[in-house]
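J.: Got a structure for you, written out below as structure tokens; questions coming shortly.
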Amino acid sequence: MKHLLGRLGAELRATAGGLPSTYWYLWTGTLVNRLGSFVVPFLALYLTRERGFRVEEAGLVVSLHGAGGVLAGLVGGTMADRVGRRTTLVAGLWLGSAAMLSLGFARATWHISLSAFLLGLLGELYRPAVSAAVADVVRPEDRPRAYGLLYWVVNVGFSIALPLAGLASRFGYQVLFVADACTTFLYGVLVWWKVPETRPARSPEPREESRRPPSLAPFGDAVFLSFALPIVLTSLIFAQSSVTLPMDLTSNGMSTTTFGTVLGLNGVLVVLLQPFAGRALGGMRRASALAWASALTGLGFGLHVLGANPGLAALAVAVWTLGEVAQAPVGAAVVADLAPADQRGTYQGAYYMLWALSACLAPTLGAWVLGHHGPRALWGACLAVGLFAAGWHLAIADARRRRLDTLRLTRSEVSAALD
């Protein structure tokens with residue numbers, strides 16, 4: 001273990017080299033924010049235990065939060081391009097902090113529901129702005145490792161926040177809401193203090209895309225849309241870890257403690273492996289890396305058909321975690337290359353929206369398949385969908401390659417990475 005941690009530290013130092021200070025302020029703020037991510041994982045539990053909601057009522061409130069997150073991708077991305085990354089970050093983080101406090105002190109059902117929706121909308125506005133700012137300040141060839149490190153620190157913070165939340169909840173759930181709001185507010189303070197505006201100057205020449213609403217521009221881009229389909233399919237599979245996976249494994253005899261340990265392997269592996277992902281994927285075409293990510297995600301969830309044996313379940317988690325590790329640094333880097341410089345926020349917002357939309361739809365779809373057709377059908381479908389998404393990534397590679405080759409003739413900010 002000591003040797004592994006030493007290797008991890010050395011790889012982190014090598015991976016972190018050459019990234020600008022603005023990136024590190026965003027990275028640090030993300031860590032601070034995620035260290036206080038106490039509320040959302042416990043939201044349904046809080047509503048049923050503390051506020052007396054029925055399970056279906058709690059599910060509706062959680063869905064409202066998810067719906068706000070879907071809109072946050074569009075609104076946050078458009079704001080990042082129109083009013084600037086810095087303004088969007090500060091406004092989103094501070095308003096999200098206020099929405100968190102509103103939810104924590106709400107008692108009426110309408111107040112709780114409205115606050116949950118606003119928390120999803122306002123609390124997630126910052127995400128597209130962060131991704132756009134990273135594309136602004138990081139050299140094209142360094143973007144995959146920059147996005148990979150950002151994803152890594154999200155998982156580090158979250159893995160620390162979960163046990164802290166469990167301890168803090170002993171003093172009452174109000175403590176969780178206040179602490180979460182404080183760390184979000186502090187991220188905004190750090191941005192206001194240290195992060196300059198990074199948005200490139202807007203081009204004076206009107207483009208064809210400007211005729212449609214700015215937030216919808218990516219959905220008029222055929223290459224982006226073809227890239228979006230397998231991303232949505234893969235994220236639908238991945239989101240099964242939040243609802244149907246615990247339902248299936250615990251109903252087949254796995255204790256909640258054992259399930260928590262098995263699922264915790266996901267966070268541990270992301271923390272240990274993500275810093276090495278950039279080097280491992282560096283010589284691979286991005287379409288191939290994305291195809292492997294989808295295939296491993298489908299295969300991993302497909303392996304859950306083997307049942308609730310802890311060892312086999314841990315093996316399945318390890319396989320789909322490899323898919324997650326491969327996906328994280330590559331997907332956002334592809335979006336950064338496809339986006340015009342003055343629409344980076346919009347494109348990153350659309351990319352985030354794909355994941356948020358999947359998180360909203362996946363529990364309902366997965367629960368329906370599990371309830372009507374059983375676990376074999378659910379996990380078999382995950383395998384089939386993952387393999388289909390992998391094949392789609394490979395099938396669309398040539399079209400994206402031609403687009404990027406054309407863009408490189410006129411745009412220096414497009415990376416030289418092979419698709």
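Following the order of the structure tokens, chains are lettered A, B, ..., residues in each are numbered from 1, and ligands are numbered from 1.
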Got a sec: who's within 6 Å of range 83-100 of chain A, counting only C-alpha atoms, leaving out chain neighbours fewer than 4 positions off, as a ChimeraX atom specification?
T.: /A:79,115,119,122-123,125-126,129,181,184-185,188,197,199
J.: Excluding range 44-59 of chain A and residues on its chain fewer than 6 positions from it, collect all residues at most 9 Å away from it, counting only C-alpha atoms, and give them as number ranges by chain.
T.: A: 107, 109, 173
J.: Print the selection's residues with C-alpha atoms to a file, as a PDB file, in the first residue's frame.
T.:
```pdb
ATOM      1  CA  ARG A 107     -41.228  23.219   6.520  1.00  0.00           C
ATOM      2  CA  THR A 109     -44.384  21.016   1.368  1.00  0.00           C
ATOM      3  CA  TYR A 173     -29.796  17.517   9.715  1.00  0.00           C
TER       4      TYR A 173
END
```
J.: Using only C-alpha atoms, which residue out of A:Arg344, A:Arg170, A:Arg145, A:His65 lies closest to Thr198 in chain A?
T.: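 The closest residue to Thr198 in chain A is A:Arg344.
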J.: CA of Gly120 in chain A and CA of Asn33 in chain A, how far apart in Å?
T.: 15.0 Å
J.: As a VMD selection string, please: every residue in range 50-243 of chain A that DSSP puts in helix (DSSP H, G or I).
T.: chain A and resid 55 to 82 85 to 105 109 to 123 126 to 137 140 to 171 173 to 194 208 to 211 214 to 220 222 to 241
J.: Convert the current residue selection to file output with C-alpha atoms, as a compact mmCIF listing (two decimals), in the first residue's frame.
T.:
```txt
# COMPACT_ATOMS: atom_id res chain seq x y z
CA VAL A 55 -41.50 7.51 -0.15
CA GLU A 56 -43.26 8.59 -3.35
CA GLU A 57 -43.44 12.21 -2.13
CA ALA A 58 -39.74 12.18 -1.35
CA GLY A 59 -39.05 10.72 -4.78
CA LEU A 60 -40.98 13.56 -6.41
CA VAL A 61 -38.97 16.18 -4.54
CA VAL A 62 -35.71 14.49 -5.53
CA SER A 63 -36.94 14.47 -9.13
CA LEU A 64 -37.66 18.20 -8.90
CA HIS A 65 -34.08 18.71 -7.79
CA GLY A 66 -32.93 16.67 -10.78
CA ALA A 67 -35.14 18.69 -13.14
CA GLY A 68 -33.51 21.86 -11.86
CA GLY A 69 -30.13 20.31 -12.62
CA VAL A 70 -31.18 19.62 -16.21
CA LEU A 71 -32.14 23.28 -16.70
CA ALA A 72 -28.90 24.35 -14.99
CA GLY A 73 -26.89 22.92 -17.87
CA LEU A 74 -28.69 25.11 -20.40
CA VAL A 75 -28.96 28.23 -18.26
CA GLY A 76 -25.48 28.00 -16.75
CA GLY A 77 -23.84 27.34 -20.09
CA THR A 78 -25.61 30.27 -21.76
CA MET A 79 -24.78 32.60 -18.87
CA ALA A 80 -21.13 31.56 -18.99
CA ASP A 81 -20.98 32.64 -22.63
CA ARG A 82 -23.17 35.75 -22.33
CA ARG A 85 -17.50 32.61 -16.49
CA ARG A 86 -16.61 34.53 -13.33
CA THR A 87 -20.03 36.16 -12.94
CA THR A 88 -21.81 32.87 -13.54
CA LEU A 89 -19.61 31.07 -11.03
CA VAL A 90 -20.03 33.64 -8.26
CA ALA A 91 -23.77 34.10 -8.85
CA GLY A 92 -24.45 30.39 -9.12
CA LEU A 93 -22.44 29.45 -6.04
CA TRP A 94 -23.83 32.20 -3.83
CA LEU A 95 -27.43 31.73 -4.99
CA GLY A 96 -27.01 27.97 -4.65
CA SER A 97 -25.85 28.52 -1.08
CA ALA A 98 -28.99 30.54 -0.38
CA ALA A 99 -31.18 27.84 -1.96
CA MET A 100 -29.50 25.24 0.28
CA LEU A 101 -30.38 27.25 3.39
CA SER A 102 -33.93 27.76 2.10
CA LEU A 103 -34.35 24.00 1.73
CA GLY A 104 -32.85 23.32 5.14
CA PHE A 105 -35.23 25.66 6.96
CA THR A 109 -44.38 21.02 1.37
CA TRP A 110 -44.57 23.71 -1.32
CA HIS A 111 -41.55 25.48 0.21
CA ILE A 112 -39.52 22.27 0.31
CA SER A 113 -40.46 21.39 -3.27
CA LEU A 114 -39.66 24.87 -4.62
CA SER A 115 -36.37 25.01 -2.70
CA ALA A 116 -35.32 21.60 -4.01
CA PHE A 117 -35.97 22.70 -7.59
CA LEU A 118 -34.07 25.97 -7.05
CA LEU A 119 -31.20 24.10 -5.44
CA GLY A 120 -30.92 21.91 -8.53
CA LEU A 121 -31.09 24.92 -10.83
CA LEU A 122 -29.01 27.50 -8.96
CA GLY A 123 -26.68 25.09 -7.19
CA TYR A 126 -21.46 26.75 -11.90
CA ARG A 127 -20.63 23.42 -13.55
CA PRO A 128 -20.68 24.50 -17.24
CA ALA A 129 -18.79 27.68 -16.31
CA VAL A 130 -16.02 25.67 -14.64
CA SER A 131 -15.64 23.37 -17.64
CA ALA A 132 -15.62 26.34 -20.03
CA ALA A 133 -13.05 28.19 -17.92
CA VAL A 134 -10.78 25.13 -17.94
CA ALA A 135 -10.97 25.08 -21.76
CA ASP A 136 -10.18 28.82 -21.78
CA VAL A 137 -7.01 28.69 -19.68
CA PRO A 140 -5.56 22.07 -25.77
CA GLU A 141 -3.09 19.21 -25.34
CA ASP A 142 -3.40 19.42 -21.53
CA ARG A 143 -7.20 19.48 -21.30
CA PRO A 144 -7.75 15.72 -20.83
CA ARG A 145 -5.50 15.60 -17.76
CA ALA A 146 -6.96 18.88 -16.45
CA TYR A 147 -10.49 17.51 -16.69
CA GLY A 148 -9.29 14.20 -15.27
CA LEU A 149 -7.77 15.92 -12.22
CA LEU A 150 -10.96 17.92 -11.72
CA TYR A 151 -13.01 14.73 -11.82
CA TRP A 152 -10.52 13.12 -9.45
CA VAL A 153 -10.84 15.85 -6.83
CA VAL A 154 -14.64 15.69 -7.05
CA ASN A 155 -14.43 12.03 -6.03
CA VAL A 156 -11.86 12.70 -3.32
CA GLY A 157 -14.06 15.39 -1.79
CA PHE A 158 -17.21 13.32 -2.08
CA SER A 159 -15.62 10.23 -0.54
CA ILE A 160 -14.56 12.32 2.47
CA ALA A 161 -17.88 14.18 2.66
CA LEU A 162 -20.05 11.06 2.98
CA PRO A 163 -18.61 9.78 6.29
CA LEU A 164 -18.39 13.36 7.59
CA ALA A 165 -22.07 13.81 6.79
CA GLY A 166 -22.91 10.67 8.71
CA LEU A 167 -21.09 12.02 11.77
CA ALA A 168 -22.51 15.53 11.46
CA SER A 169 -26.07 14.24 11.12
CA ARG A 170 -25.90 13.15 14.76
CA PHE A 171 -26.17 16.84 15.64
CA TYR A 173 -29.80 17.52 9.72
CA GLN A 174 -29.79 21.31 10.00
CA VAL A 175 -26.03 21.13 10.51
CA LEU A 176 -25.68 19.41 7.14
CA PHE A 177 -27.57 22.14 5.31
CA VAL A 178 -25.63 24.96 6.96
CA ALA A 179 -22.25 23.29 6.39
CA ASP A 180 -23.07 22.52 2.75
CA ALA A 181 -24.18 26.12 2.19
CA CYS A 182 -20.97 27.44 3.81
CA THR A 183 -18.60 25.41 1.64
CA THR A 184 -20.53 26.43 -1.49
CA PHE A 185 -20.38 30.08 -0.43
CA LEU A 186 -16.62 29.80 0.23
CA TYR A 187 -16.08 28.48 -3.30
CA GLY A 188 -17.79 31.63 -4.56
CA VAL A 189 -15.57 33.79 -2.37
CA LEU A 190 -12.46 32.10 -3.77
CA VAL A 191 -13.64 32.71 -7.33
CA TRP A 192 -14.49 36.36 -6.58
CA TRP A 193 -11.09 36.86 -4.95
CA LYS A 194 -8.73 34.94 -7.21
CA GLU A 208 -25.42 30.73 -38.81
CA GLU A 209 -25.90 29.24 -35.34
CA SER A 210 -26.80 32.66 -33.91
CA ARG A 211 -30.25 32.44 -35.52
CA PRO A 214 -27.89 30.31 -27.92
CA SER A 215 -28.55 27.61 -25.32
CA LEU A 216 -29.84 25.27 -28.05
CA ALA A 217 -26.95 25.78 -30.48
CA PRO A 218 -25.23 22.46 -29.64
CA PHE A 219 -28.43 20.60 -30.52
CA GLY A 220 -28.27 22.00 -34.03
CA ALA A 222 -25.04 17.16 -36.06
CA VAL A 223 -21.57 16.06 -34.92
CA PHE A 224 -22.31 17.00 -31.31
CA LEU A 225 -25.68 15.23 -31.45
CA SER A 226 -24.13 12.04 -32.78
CA PHE A 227 -21.61 12.23 -29.92
CA ALA A 228 -24.42 12.91 -27.42
CA LEU A 229 -26.41 9.71 -28.09
CA PRO A 230 -23.85 7.18 -26.79
CA ILE A 231 -23.05 9.54 -23.88
CA VAL A 232 -26.72 9.52 -22.84
CA LEU A 233 -26.93 5.74 -23.18
CA THR A 234 -23.79 5.21 -21.11
CA SER A 235 -24.94 7.62 -18.41
CA LEU A 236 -28.33 5.88 -18.24
CA ILE A 237 -26.45 2.69 -17.39
CA PHE A 238 -24.17 4.36 -14.88
CA ALA A 239 -27.09 6.00 -13.06
CA GLN A 240 -28.49 2.56 -12.17
CA SER A 241 -25.98 2.54 -9.31
```
J.: Within 10 Å of Leu418 in chain A, counting only C-alpha atoms, which residues show up once you throw out same-chain ones fewer than 5 positions away? Write them as a CSV table (one decimal) with N, CA and C atoms, in the first residue's frame, please.
T.:
```csv
chain,number,residue,atom,x,y,z
A,282,GLY,N,-3.3,8.3,-23.3
A,282,GLY,CA,-2.7,9.3,-24.1
A,282,GLY,C,-2.4,8.8,-25.5
A,283,GLY,N,-2.1,7.6,-25.7
A,283,GLY,CA,-1.8,7.1,-27.1
A,283,GLY,C,-2.9,6.5,-27.8
A,284,MET,N,-4.1,6.6,-27.2
A,284,MET,CA,-5.3,5.9,-27.8
A,284,MET,C,-6.2,7.0,-28.5
A,285,ARG,N,-6.8,6.6,-29.6
A,285,ARG,CA,-7.7,7.5,-30.2
A,285,ARG,C,-8.9,7.7,-29.3
A,286,ARG,N,-9.4,9.0,-29.3
A,286,ARG,CA,-10.4,9.3,-28.3
A,286,ARG,C,-11.7,8.5,-28.6
A,287,ALA,N,-12.0,8.2,-29.8
A,287,ALA,CA,-13.2,7.4,-30.1
A,287,ALA,C,-13.1,6.0,-29.5
A,288,SER,N,-11.8,5.5,-29.5
A,288,SER,CA,-11.6,4.1,-29.0
A,288,SER,C,-11.7,4.2,-27.4
A,397,ALA,N,-16.8,8.1,-35.4
A,397,ALA,CA,-15.5,8.7,-35.3
A,397,ALA,C,-15.0,9.4,-36.5
A,401,ARG,N,-13.8,13.2,-36.8
A,401,ARG,CA,-12.4,13.4,-37.2
A,401,ARG,C,-12.4,14.4,-38.4
A,404,LEU,N,-13.1,18.0,-37.0
A,404,LEU,CA,-12.0,18.5,-36.2
A,404,LEU,C,-10.8,18.9,-37.2
A,405,ASP,N,-10.6,18.1,-38.2
A,405,ASP,CA,-9.5,18.4,-39.1
A,405,ASP,C,-9.8,19.7,-39.8
```
J.: Determine the nearest neighbour of Leu338 in chain A from the options A:Leu26, A:Arg408, A:Trp292, A:Leu394, counting only C-alpha atoms.
T.: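 Of the candidates, the smallest distance to Leu338 in chain A is held by A:Arg408.
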J.: I'd like the neighbourhood of Asp337 in chain A as a short mmCIF file (atom, residue, chain, number, x, y, z; two decimals) with N, CA and C atoms, in the first residue's frame, where a residue qualifies if any of its atoms comes within 7 Å (using only C-alpha atoms), though same-chain residues fewer than 3 positions away should be ignored.
T.:
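Result file follows (part_15.cif):
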```cif
data_model
loop_
_atom_site.label_atom_id
_atom_site.label_comp_id
_atom_site.auth_asym_id
_atom_site.auth_seq_id
_atom_site.Cartn_x
_atom_site.Cartn_y
_atom_site.Cartn_z
N ALA A 333 -13.14 16.90 -22.97
CA ALA A 333 -12.13 17.41 -23.90
C ALA A 333 -12.65 17.41 -25.33
N VAL A 334 -13.42 16.39 -25.72
CA VAL A 334 -14.03 16.36 -27.04
C VAL A 334 -14.99 17.53 -27.21
N VAL A 414 -8.02 24.16 -31.04
CA VAL A 414 -8.44 22.76 -31.17
C VAL A 414 -7.22 21.87 -30.96
N SER A 415 -7.36 20.87 -30.12
CA SER A 415 -6.22 20.03 -29.79
C SER A 415 -5.84 19.14 -30.98
#
```
J.: Closest to Gly380 in chain A among A:Tyr352, A:Ser255, A:Gly366, A:Gly172, using only C-alpha atoms?
T.: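 Distance minimum relative to Gly380 in chain A lands on A:Gly366.
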J.: Between CA of Met254 in chain A and CA of Ala308 in chain A, measure the distance and give it in Å to one decimal.
T.: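 It comes out at 5.9 Å.
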J.: For range 311-322 of chain A, please output as a list of chain:residue names all residues within 8 Å (counting only C-alpha atoms; exclusion window: fewer than 3 positions along the same chain).
T.: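 My reading of the contact set: A:Phe238, A:Val262, A:Leu263, A:Leu265, A:Asn266, A:Leu269, A:Val270, A:Ala293, A:Leu296, A:Thr297, A:Gly298, A:Leu299, A:Gly300, A:Phe301, A:Gly302, A:Leu303, A:His304, A:Leu306, A:Gly307, A:Ala308, A:Val325, A:Ala326.
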